[in-house]
Number of protein chains: 2
Amino acid sequence: VAVVGTGLIGTSIAMAAARAGDTVRGFDTDAEVLRLAAERSGLQPSGNLQECVGGADVVFVCTPVGSIPAVAAECLAAAAEATVTDVGSVKSEVLARVRSLAAEVDQPRFVGGHPMGGSERTGPDSASPSLLDDAVWVLTPGPATDASCLERLEGWVRRVGARPVRMGSERHDRLVAVVSHLPQVASTALMGLAAAEGAGEPELLLLAAGGFRDLTRLAASSPALWRDVLLSNREALAAALDRYSQWLGDLGDMVREGRADELESALAEAKRARLALAAKPSVKAGVALLLVPVPDRPGALAELTSSLAGAGVNIEDLQIVHSPEGGRGTVHLTVAAAAADAAERALAARSFPSVRLA
Amino acid sequence: VAVVGTGLIGTSIAMAAARAGDTVRGFDTDAEVLRLAAERSGLQPSGNLQECVGGADVVFVCTPVGSIPAVAAECLAAAAEATVTDVGSVKSEVLARVRSLAAEVDQPRFVGGHPMGGSERTGPDSASPSLLDDAVWVLTPGPATDASCLERLEGWVRRVGARPVRMGSERHDRLVAVVSHLPQVASTALMGLAAAEGAGEPELLLLAAGGFRDLTRLAASSPALWRDVLLSNREALAAALDRYSQWLGDLGDMVREGRADELESALAEAKRARLALAAKPSVKAGVALLLVPVPDRPGALAELTSSLAGAGVNIEDLQIVHSPEGGRGTVHLTVAAAAADAAERALAARSFPSVRLA
């Protein structure tokens with residue numbers, strides 16, 4: 001296995017491959033990133049791309065979206081037998097450009113891919129094979145893709161513990177436009193609007209509470225990265241934005257015209273859908289979510305976290321969630337899937353009942 | 001002091017008043033809620049509204065938005081000397097209706113109010129005087145409001161530890177339309193759109209990750225409560241929705257037309273504003289926010305929370321925040337403002353450096 005681009009995803013793939021028994025070579029144009037990735041994952045660092053991919057069975061192109069087509073074409077040329085795939089978050093444009101750049105090489109060996117186990121963190125330091133455990137890994141074969149290359153890749157994805165899902169590249173792009181790219185634009189627009197109006201109304205942001213903060217958190221993401229992602233998916237995103245504006249307009253009309261029953265129905269339907277989503281396993285890879293009701297007193301959280309520390313369970317994430325409907329706080333604990341049983345037992349032993357969601 | 005409506009805010013006000021040395025009477029149409037409020041805050045429960053407010057200096061109307069005007073008019077009639085105020089999250093409509101209902105009583109004694117120390121929790125059980133500590137408490141006197149009543153109320157607000165901010169009712173409504181009511185509608189629209197499209201595309205929500213969840217969290221709020229709030233502020237909200245749609249449209253045009261530099265600038269400007277917001281104290285009342293970098297290993301969180309438990313510090317909220325720009329995790333710890341010094345010392349003693357934001 002060869003990994004080109006050893007950031008967060010590349011290094012996580014290298015770690016998952018090593019765990020599954022593969023020999024992994026890696027290359028990155030940033031020598032320091034490559035050194036860190038090698039240190040963290042045990043991959044063999046290569047001095048150049050050709051050395052890295054030569055003789056590989058599967059090559060993962062894990063570079064930023066803009067450079068994927070050129071790098072993938074290089075990899076196809078340099079590794080005569082390999083199945084080459086990428087991990088970019090937009091697929092149609094990448095596929096079309098690989099097709100045009102790799103015309104003279106064996107382009108049927110290219111399969112588009114998008115593992116959905118992302119993280120808002122970046123860099124090899126944050127990499128973990130658990131990022132891919134049980135993650136949905138979308139594969140978008142093109143019309144020219146060789147069936148045996150696709151199957152080889154699917155088998156590999158399953159072997160490292162993720163879930164391959166075949167999907168046309170346009171369908172993939174249409175879906176991520178709604179659940180990933182549209183939220184980014186909606187968040188940026190809200191923060192932009194509030195910042196512009198806050199310039200003349202310094203008290204505006206004084207009144208901004210938790211809900212506003214939730215909606216604008218994404219606005220703090222990397223501008224250069226998102227510029228490229230949004231522009232790579234412009235048609236699907238523009239269409240999603242149109243449909244979103246339509247929804248906003250419809251809700252706005254209900255408010256303007258005082259259509260109370262319709263407005264309440266729309267709010268209730270969205271609430272129902274959101275609660276159903278909350279009860280579903282997150283696509284975040286390789287983790288289990290435990291819901292633990294906790295009393296609101298000094299020491300309760302210390303007792304809870306100590307019980308896990310005693311069992312050697314690492315807490316991947318912890319949020320105290322207060323139901324919008326009232327009631328006591330619930331701790332949402334994220335732990336590695338493999339540690340979930342131990343976590344449940346440790347909590348139960350200290351009289352913390354937990355509900356496991358994923 | 002008299003409190004009419006002893007839910008979360010009413011009971012918190014009763015507790016803050018009692019802490020400041022006031023005698024507090026309370027009334028609620030729900031006898032069980034009143035009993036719980038009395039138990040929690042020590043307020044004297046009254047059998048009816050007249051008994052509750054008779055002889056009071058200041059009356060707080062803490063009922064749902066729709067019933068405030070009628071209840072406020074009753075209170076003005078029943079308490080001949082009292083300054084009467086409310087805590088509703090929309091002001092212009094309340095004020096106009098109090099004016100029309102209370103024409104024959106002493107309406108200059110009414111001052112609109114909105115303490116911004118809300119919580120997504122409800123009910124007297126979740127009440128706390130710290131909800132109001134250092135909270136922004138908007139007061140919206142009308143043209144007929146008596147200056148001495150306004151000053152009396154401002155003095156009281158300061159005495160319980162909150163920050164009175166005078167603001168015209170229309171300005172208040174215009175600002176909360178942007179930072180509170182618009183986010184609710186934007187969240188509901190996104191969840192509604194995704195649910196509708198997900199019905200025909202079951203894989204849509206499979207691809208929904210953390211950013212989508214952040215943006216749709218508000219959609220799980222109470223439909224009946226928000227129907228009333230949104231409809232009570234329909235003009236300001238409709239105008240905010242128009243401006244938001246304009247922002248979305250502008251960003252959509254940049255995407256559609258591939259205006260990469262402009263798009264990156266808009267993303268960068270929103271990021272800058274969001275980071276500035278994150279660095280500001282939250283309006284959440286009476287609490288301090290401590291940022292504590294933590295290593296990602298079993299036991300780290302247990303050590304951190306145990307150090308606070310050892311110092312008797314209650315953790316009001318805890319979130320593990322991963323920077324979208326990479327880097328290690330940071331724990332955002334919320335503790336009562338009064339406990340912040342003790343928390344900082346306890347953390348430092350266990351080699352957890354912390355940065356205090358509020």
# chains A, B, ... in the order shown; residues from 1 in each chain; ligands from 1

call {"tool": "residues_around", "arguments": {"residues": "B:Ala96", "least_positions_apart": "5", "cutoff": "12 Å", "atoms": "only C-alpha atoms", "output": "PDB file with N, CA and C atoms, in the first residue's frame"}}
result
ATOM      1  N   ILE B  68     -48.153  37.363  28.698  1.00  0.00           N
ATOM      2  CA  ILE B  68     -47.540  38.458  29.463  1.00  0.00           C
ATOM      3  C   ILE B  68     -48.432  39.704  29.550  1.00  0.00           C
ATOM      4  N   PRO B  69     -48.976  40.206  28.418  1.00  0.00           N
ATOM      5  CA  PRO B  69     -49.727  41.466  28.508  1.00  0.00           C
ATOM      6  C   PRO B  69     -50.892  41.393  29.500  1.00  0.00           C
ATOM      7  N   ALA B  70     -51.695  40.323  29.434  1.00  0.00           N
ATOM      8  CA  ALA B  70     -52.857  40.223  30.328  1.00  0.00           C
ATOM      9  C   ALA B  70     -52.414  40.115  31.781  1.00  0.00           C
ATOM     10  N   ALA B  72     -49.565  41.111  33.063  1.00  0.00           N
ATOM     11  CA  ALA B  72     -48.947  42.373  33.483  1.00  0.00           C
ATOM     12  C   ALA B  72     -50.023  43.405  33.827  1.00  0.00           C
ATOM     13  N   ALA B  73     -51.081  43.450  33.037  1.00  0.00           N
ATOM     14  CA  ALA B  73     -52.164  44.401  33.312  1.00  0.00           C
ATOM     15  C   ALA B  73     -52.827  44.074  34.652  1.00  0.00           C
ATOM     16  N   VAL B  90     -39.404  38.833  23.407  1.00  0.00           N
ATOM     17  CA  VAL B  90     -39.788  39.795  22.369  1.00  0.00           C
ATOM     18  C   VAL B  90     -40.445  40.962  23.090  1.00  0.00           C
ATOM     19  N   LYS B  91     -40.180  42.195  22.650  1.00  0.00           N
ATOM     20  CA  LYS B  91     -40.615  43.329  23.459  1.00  0.00           C
ATOM     21  C   LYS B  91     -41.658  44.260  22.853  1.00  0.00           C
ATOM     22  N   LEU B 101     -54.033  47.216  27.102  1.00  0.00           N
ATOM     23  CA  LEU B 101     -54.790  46.530  28.154  1.00  0.00           C
ATOM     24  C   LEU B 101     -54.793  47.309  29.464  1.00  0.00           C
ATOM     25  N   ALA B 102     -53.716  48.075  29.703  1.00  0.00           N
ATOM     26  CA  ALA B 102     -53.543  48.700  31.009  1.00  0.00           C
ATOM     27  C   ALA B 102     -53.844  50.188  30.944  1.00  0.00           C
ATOM     28  N   ALA B 103     -54.671  50.578  29.961  1.00  0.00           N
ATOM     29  CA  ALA B 103     -54.935  52.004  29.762  1.00  0.00           C
ATOM     30  C   ALA B 103     -55.499  52.650  31.024  1.00  0.00           C
ATOM     31  N   GLN B 107     -50.045  52.633  33.805  1.00  0.00           N
ATOM     32  CA  GLN B 107     -49.167  51.986  32.854  1.00  0.00           C
ATOM     33  C   GLN B 107     -47.737  52.549  32.855  1.00  0.00           C
ATOM     34  N   PHE B 110     -44.965  50.291  34.115  1.00  0.00           N
ATOM     35  CA  PHE B 110     -44.505  49.089  33.416  1.00  0.00           C
ATOM     36  C   PHE B 110     -43.213  49.363  32.645  1.00  0.00           C
ATOM     37  N   VAL B 111     -42.232  48.488  32.812  1.00  0.00           N
ATOM     38  CA  VAL B 111     -40.954  48.553  32.082  1.00  0.00           C
ATOM     39  C   VAL B 111     -40.714  47.175  31.460  1.00  0.00           C
ATOM     40  N   GLY B 112     -40.563  47.098  30.151  1.00  0.00           N
ATOM     41  CA  GLY B 112     -40.255  45.811  29.514  1.00  0.00           C
ATOM     42  C   GLY B 112     -38.854  45.363  29.886  1.00  0.00           C
ATOM     43  N   THR B 140     -36.442  47.798  28.363  1.00  0.00           N
ATOM     44  CA  THR B 140     -36.980  48.569  27.243  1.00  0.00           C
ATOM     45  C   THR B 140     -38.137  49.445  27.718  1.00  0.00           C
ATOM     46  N   PRO B 141     -37.798  50.586  28.345  1.00  0.00           N
ATOM     47  CA  PRO B 141     -38.861  51.481  28.795  1.00  0.00           C
ATOM     48  C   PRO B 141     -39.650  51.996  27.597  1.00  0.00           C
ATOM     49  N   GLY B 142     -40.957  52.188  27.783  1.00  0.00           N
ATOM     50  CA  GLY B 142     -41.772  52.785  26.731  1.00  0.00           C
ATOM     51  C   GLY B 142     -41.785  54.292  26.881  1.00  0.00           C
ATOM     52  N   PRO B 143     -42.436  55.013  25.953  1.00  0.00           N
ATOM     53  CA  PRO B 143     -42.487  56.485  26.037  1.00  0.00           C
ATOM     54  C   PRO B 143     -43.193  56.945  27.315  1.00  0.00           C
ATOM     55  N   ALA B 144     -44.125  56.112  27.833  1.00  0.00           N
ATOM     56  CA  ALA B 144     -44.890  56.525  29.010  1.00  0.00           C
ATOM     57  C   ALA B 144     -44.235  56.087  30.318  1.00  0.00           C
ATOM     58  N   SER B 169     -37.458  49.141  22.552  1.00  0.00           N
ATOM     59  CA  SER B 169     -38.010  47.802  22.338  1.00  0.00           C
ATOM     60  C   SER B 169     -37.833  47.366  20.879  1.00  0.00           C
ATOM     61  N   GLU B 170     -37.914  48.320  19.961  1.00  0.00           N
ATOM     62  CA  GLU B 170     -37.772  47.913  18.556  1.00  0.00           C
ATOM     63  C   GLU B 170     -36.340  47.526  18.233  1.00  0.00           C
ATOM     64  N   SER B 232     -44.324  36.616  17.411  1.00  0.00           N
ATOM     65  CA  SER B 232     -44.377  37.871  18.159  1.00  0.00           C
ATOM     66  C   SER B 232     -43.383  38.889  17.611  1.00  0.00           C
TER      67      SER B 232
END

call {"tool": "residues_around", "arguments": {"residues": "A:Ile13", "least_positions_apart": "6", "cutoff": "8 Å", "atoms": "only C-alpha atoms", "output": "JSON, numbers by chain"}}
result
{"A": [3, 129, 132]}

call {"tool": "select_by_dssp", "arguments": {"residues": "stretch 156-331 of chain B", "states": "helix (DSSP H, G or I)", "output": "ChimeraX atom specification"}}
result
/B:156-159,169-200,205-207,210-220,223-232,234-256,260-279,300-310

call {"tool": "select_by_dssp", "arguments": {"residues": "stretch 65-302 of chain A", "states": "strand (DSSP E)", "output": "list in words"}}
result
Thr83, Val84, Thr85, Asp86, Phe110, Val111, Gly112, Gly113, His114, Pro115, Val136, Trp137, Val138, Leu139, Thr140, Arg163, Pro164, Val165, Arg166, Val287, Ala288, Leu289, Leu290, Leu291, Val292 and Pro293 of chain A

call {"tool": "closest_residue", "arguments": {"among": "B:Pro64, B:Met116, B:Ser100, B:Leu275", "to": "B:Leu131", "atoms": "only C-alpha atoms"}}
result
B:Met116

call {"tool": "atom_distance", "arguments": {"atom1": "atom CA of B:Ala199", "atom2": "atom CA of B:Arg256"}}
result
27.2 Å

call {"tool": "residues_around", "arguments": {"residues": "B:Glu39", "least_positions_apart": "2", "cutoff": "12 Å", "atoms": "only C-alpha atoms", "output": "count of residues only"}}
result
19

call {"tool": "closest_residue", "arguments": {"among": "A:Arg356, A:Lys271, A:Arg19, A:Arg158", "to": "chain B", "atoms": "only C-alpha atoms"}}
result
A:Lys271

call {"tool": "closest_residue", "arguments": {"among": "A:Leu205, A:Ser222, A:Asp30, A:Leu215", "to": "A:Ala186", "atoms": "only C-alpha atoms"}}
result
A:Leu215

call {"tool": "residues_around", "arguments": {"residues": "A:Ile315", "least_positions_apart": "3", "cutoff": "9 Å", "atoms": "only C-alpha atoms", "output": "list in words"}}
result
Thr305, Leu308, Ala309, Leu318, Leu333, Thr334, Val335 and Ala336 of chain A; Asp296, Arg297, Pro298, Gly299, Ala300 and Leu301 of chain B

call {"tool": "residues_around", "arguments": {"residues": "stretch 238-242 of chain A", "least_positions_apart": "2", "cutoff": "8 Å", "atoms": "only C-alpha atoms", "output": "VMD selection string"}}
result
(chain A and resid 174 177 to 178 182 234 to 236 244 to 246) or (chain B and resid 248 to 249 252 255 to 256)

call {"tool": "write_last_selection", "arguments": {"atoms": "N, CA and C atoms", "output": "short mmCIF file (atom, residue, chain, number, x, y, z; two decimals), in the first residue's frame"}}
result
data_model
loop_
_atom_site.label_atom_id
_atom_site.label_comp_id
_atom_site.auth_asym_id
_atom_site.auth_seq_id
_atom_site.Cartn_x
_atom_site.Cartn_y
_atom_site.Cartn_z
N ARG A 174 -24.07 15.52 -4.99
CA ARG A 174 -25.37 16.11 -4.68
C ARG A 174 -25.68 15.95 -3.19
N ALA A 177 -23.34 18.08 -1.00
CA ALA A 177 -23.71 19.50 -1.15
C ALA A 177 -24.72 19.87 -0.07
N VAL A 178 -25.66 18.97 0.22
CA VAL A 178 -26.72 19.26 1.19
C VAL A 178 -26.22 19.15 2.63
N LEU A 182 -23.51 22.95 1.99
CA LEU A 182 -24.55 23.93 2.33
C LEU A 182 -24.43 24.42 3.78
N ARG A 234 -19.59 23.25 -7.55
CA ARG A 234 -20.40 24.45 -7.65
C ARG A 234 -21.83 24.20 -8.12
N GLU A 235 -22.02 23.27 -9.05
CA GLU A 235 -23.39 23.10 -9.55
C GLU A 235 -24.31 22.49 -8.50
N ALA A 236 -23.83 21.41 -7.87
CA ALA A 236 -24.67 20.76 -6.86
C ALA A 236 -24.90 21.70 -5.68
N TYR A 244 -32.52 25.50 -0.38
CA TYR A 244 -32.49 26.00 0.99
C TYR A 244 -33.17 27.38 1.07
N SER A 245 -32.87 28.23 0.10
CA SER A 245 -33.49 29.56 0.09
C SER A 245 -35.00 29.44 -0.02
N GLN A 246 -35.45 28.44 -0.78
CA GLN A 246 -36.88 28.20 -0.91
C GLN A 246 -37.49 27.83 0.45
N LEU B 248 -26.82 34.74 1.52
CA LEU B 248 -26.72 33.40 0.92
C LEU B 248 -26.65 33.50 -0.60
N GLY B 249 -27.48 34.39 -1.15
CA GLY B 249 -27.50 34.56 -2.60
C GLY B 249 -26.17 35.08 -3.12
N GLY B 252 -23.74 32.33 -2.98
CA GLY B 252 -24.10 31.40 -4.04
C GLY B 252 -23.61 31.89 -5.40
N VAL B 255 -19.93 31.26 -5.80
CA VAL B 255 -19.68 29.85 -6.10
C VAL B 255 -20.01 29.56 -7.56
N ARG B 256 -21.23 29.97 -7.97
CA ARG B 256 -21.72 29.70 -9.32
C ARG B 256 -20.79 30.28 -10.37
#

call {"tool": "residues_around", "arguments": {"residues": "B:Met191", "least_positions_apart": "3", "cutoff": "12 Å", "atoms": "only C-alpha atoms", "output": "ChimeraX atom specification"}}
result
/A:178-179,182-183,244,247-248,266-278 /B:184-188,194-198,204-205,208,212-220

call {"tool": "write_last_selection", "arguments": {"atoms": "N, CA and C atoms", "output": "short mmCIF file (atom, residue, chain, number, x, y, z; two decimals), in the first residue's frame"}}
result
data_model
loop_
_atom_site.label_atom_id
_atom_site.label_comp_id
_atom_site.auth_asym_id
_atom_site.auth_seq_id
_atom_site.Cartn_x
_atom_site.Cartn_y
_atom_site.Cartn_z
N VAL A 178 -25.66 18.97 0.22
CA VAL A 178 -26.72 19.26 1.19
C VAL A 178 -26.22 19.15 2.63
N VAL A 179 -25.51 18.08 2.95
CA VAL A 179 -25.18 17.84 4.36
C VAL A 179 -23.81 18.37 4.78
N LEU A 182 -23.51 22.95 1.99
CA LEU A 182 -24.55 23.93 2.33
C LEU A 182 -24.43 24.42 3.78
N PRO A 183 -24.25 23.51 4.76
CA PRO A 183 -24.07 23.99 6.14
C PRO A 183 -22.89 24.97 6.27
N TYR A 244 -32.52 25.50 -0.38
CA TYR A 244 -32.49 26.00 0.99
C TYR A 244 -33.17 27.38 1.07
N TRP A 247 -36.81 26.95 1.18
CA TRP A 247 -37.29 26.58 2.52
C TRP A 247 -37.33 27.79 3.44
N LEU A 248 -36.27 28.59 3.42
CA LEU A 248 -36.23 29.79 4.25
C LEU A 248 -37.36 30.74 3.87
N ALA A 266 -44.12 22.85 10.87
CA ALA A 266 -42.77 22.81 10.28
C ALA A 266 -41.72 22.68 11.37
N LEU A 267 -41.90 23.42 12.47
CA LEU A 267 -40.96 23.33 13.60
C LEU A 267 -41.00 21.92 14.19
N ALA A 268 -42.20 21.36 14.29
CA ALA A 268 -42.34 20.03 14.90
C ALA A 268 -41.72 18.95 14.01
N GLU A 269 -41.89 19.10 12.70
CA GLU A 269 -41.34 18.11 11.77
C GLU A 269 -39.81 18.14 11.80
N ALA A 270 -39.25 19.35 11.84
CA ALA A 270 -37.79 19.47 11.91
C ALA A 270 -37.28 18.91 13.24
N LYS A 271 -38.03 19.15 14.30
CA LYS A 271 -37.63 18.62 15.61
C LYS A 271 -37.61 17.09 15.59
N ARG A 272 -38.67 16.51 15.01
CA ARG A 272 -38.76 15.05 14.93
C ARG A 272 -37.56 14.50 14.17
N ALA A 273 -37.25 15.12 13.03
CA ALA A 273 -36.13 14.65 12.21
C ALA A 273 -34.80 14.81 12.95
N ARG A 274 -34.66 15.90 13.69
CA ARG A 274 -33.40 16.12 14.40
C ARG A 274 -33.23 15.12 15.53
N LEU A 275 -34.33 14.80 16.22
CA LEU A 275 -34.22 13.83 17.31
C LEU A 275 -33.90 12.44 16.74
N ALA A 276 -34.46 12.13 15.56
CA ALA A 276 -34.15 10.85 14.92
C ALA A 276 -32.67 10.80 14.54
N LEU A 277 -32.16 11.93 14.07
CA LEU A 277 -30.74 11.99 13.70
C LEU A 277 -29.85 11.82 14.93
N ALA A 278 -30.24 12.47 16.03
CA ALA A 278 -29.43 12.40 17.25
C ALA A 278 -29.36 10.98 17.78
N GLN B 184 -32.73 30.17 14.68
CA GLN B 184 -33.73 29.12 14.87
C GLN B 184 -34.35 28.74 13.52
N VAL B 185 -34.71 29.74 12.71
CA VAL B 185 -35.35 29.46 11.42
C VAL B 185 -34.34 28.82 10.46
N ALA B 186 -33.08 29.30 10.47
CA ALA B 186 -32.06 28.74 9.58
C ALA B 186 -31.82 27.27 9.90
N SER B 187 -31.85 26.94 11.19
CA SER B 187 -31.62 25.57 11.63
C SER B 187 -32.81 24.69 11.25
N THR B 188 -34.01 25.19 11.47
CA THR B 188 -35.22 24.44 11.13
C THR B 188 -35.29 24.20 9.62
N ALA B 194 -33.17 18.68 4.67
CA ALA B 194 -32.45 17.40 4.67
C ALA B 194 -33.41 16.24 4.94
N ALA B 195 -34.39 16.45 5.83
CA ALA B 195 -35.35 15.38 6.13
C ALA B 195 -36.20 15.09 4.90
N ALA B 196 -36.63 16.14 4.21
CA ALA B 196 -37.46 15.95 3.02
C ALA B 196 -36.67 15.23 1.93
N GLU B 197 -35.42 15.63 1.73
CA GLU B 197 -34.63 15.00 0.67
C GLU B 197 -34.16 13.61 1.10
N GLY B 198 -33.94 13.44 2.40
CA GLY B 198 -33.51 12.15 2.92
C GLY B 198 -34.59 11.08 2.77
N LEU B 204 -28.55 9.95 2.40
CA LEU B 204 -28.22 11.36 2.66
C LEU B 204 -27.74 11.58 4.09
N LEU B 205 -28.54 11.12 5.05
CA LEU B 205 -28.19 11.41 6.45
C LEU B 205 -27.04 10.53 6.95
N ALA B 208 -24.11 12.70 6.87
CA ALA B 208 -24.15 13.92 7.70
C ALA B 208 -23.19 13.81 8.87
N PHE B 212 -23.05 19.40 10.20
CA PHE B 212 -24.50 19.34 10.00
C PHE B 212 -25.21 19.25 11.35
N ARG B 213 -24.65 18.46 12.25
CA ARG B 213 -25.27 18.34 13.57
C ARG B 213 -25.24 19.64 14.35
N ASP B 214 -24.14 20.37 14.26
CA ASP B 214 -24.07 21.68 14.92
C ASP B 214 -25.18 22.60 14.40
N LEU B 215 -25.32 22.65 13.09
CA LEU B 215 -26.27 23.59 12.51
C LEU B 215 -27.72 23.23 12.75
N THR B 216 -27.99 21.96 13.03
CA THR B 216 -29.39 21.56 13.19
C THR B 216 -29.78 21.33 14.65
N ARG B 217 -28.85 21.58 15.58
CA ARG B 217 -29.15 21.31 16.99
C ARG B 217 -30.37 22.12 17.46
N LEU B 218 -30.43 23.39 17.08
CA LEU B 218 -31.55 24.25 17.49
C LEU B 218 -32.89 23.74 16.97
N ALA B 219 -32.87 22.99 15.88
CA ALA B 219 -34.13 22.51 15.30
C ALA B 219 -34.87 21.60 16.26
N ALA B 220 -34.21 21.11 17.30
CA ALA B 220 -34.87 20.23 18.27
C ALA B 220 -35.58 21.01 19.39
#

call {"tool": "closest_residue", "arguments": {"among": "B:Glu74, B:Glu93, B:Glu203, B:Asp57", "to": "chain A", "atoms": "only C-alpha atoms"}}
result
B:Glu203

call {"tool": "closest_residue", "arguments": {"among": "B:Gly54, B:Pro295, B:Gly310, B:Gly10", "to": "chain A", "atoms": "only C-alpha atoms"}}
result
B:Gly310

call {"tool": "closest_residue", "arguments": {"among": "A:Gly47, A:Pro115, A:Pro202, A:Pro108", "to": "A:Phe60", "atoms": "only C-alpha atoms"}}
result
A:Pro115

call {"tool": "atom_distance", "arguments": {"atom1": "atom CA of A:Ser128", "atom2": "atom CA of A:Arg40"}}
result
9.1 Å
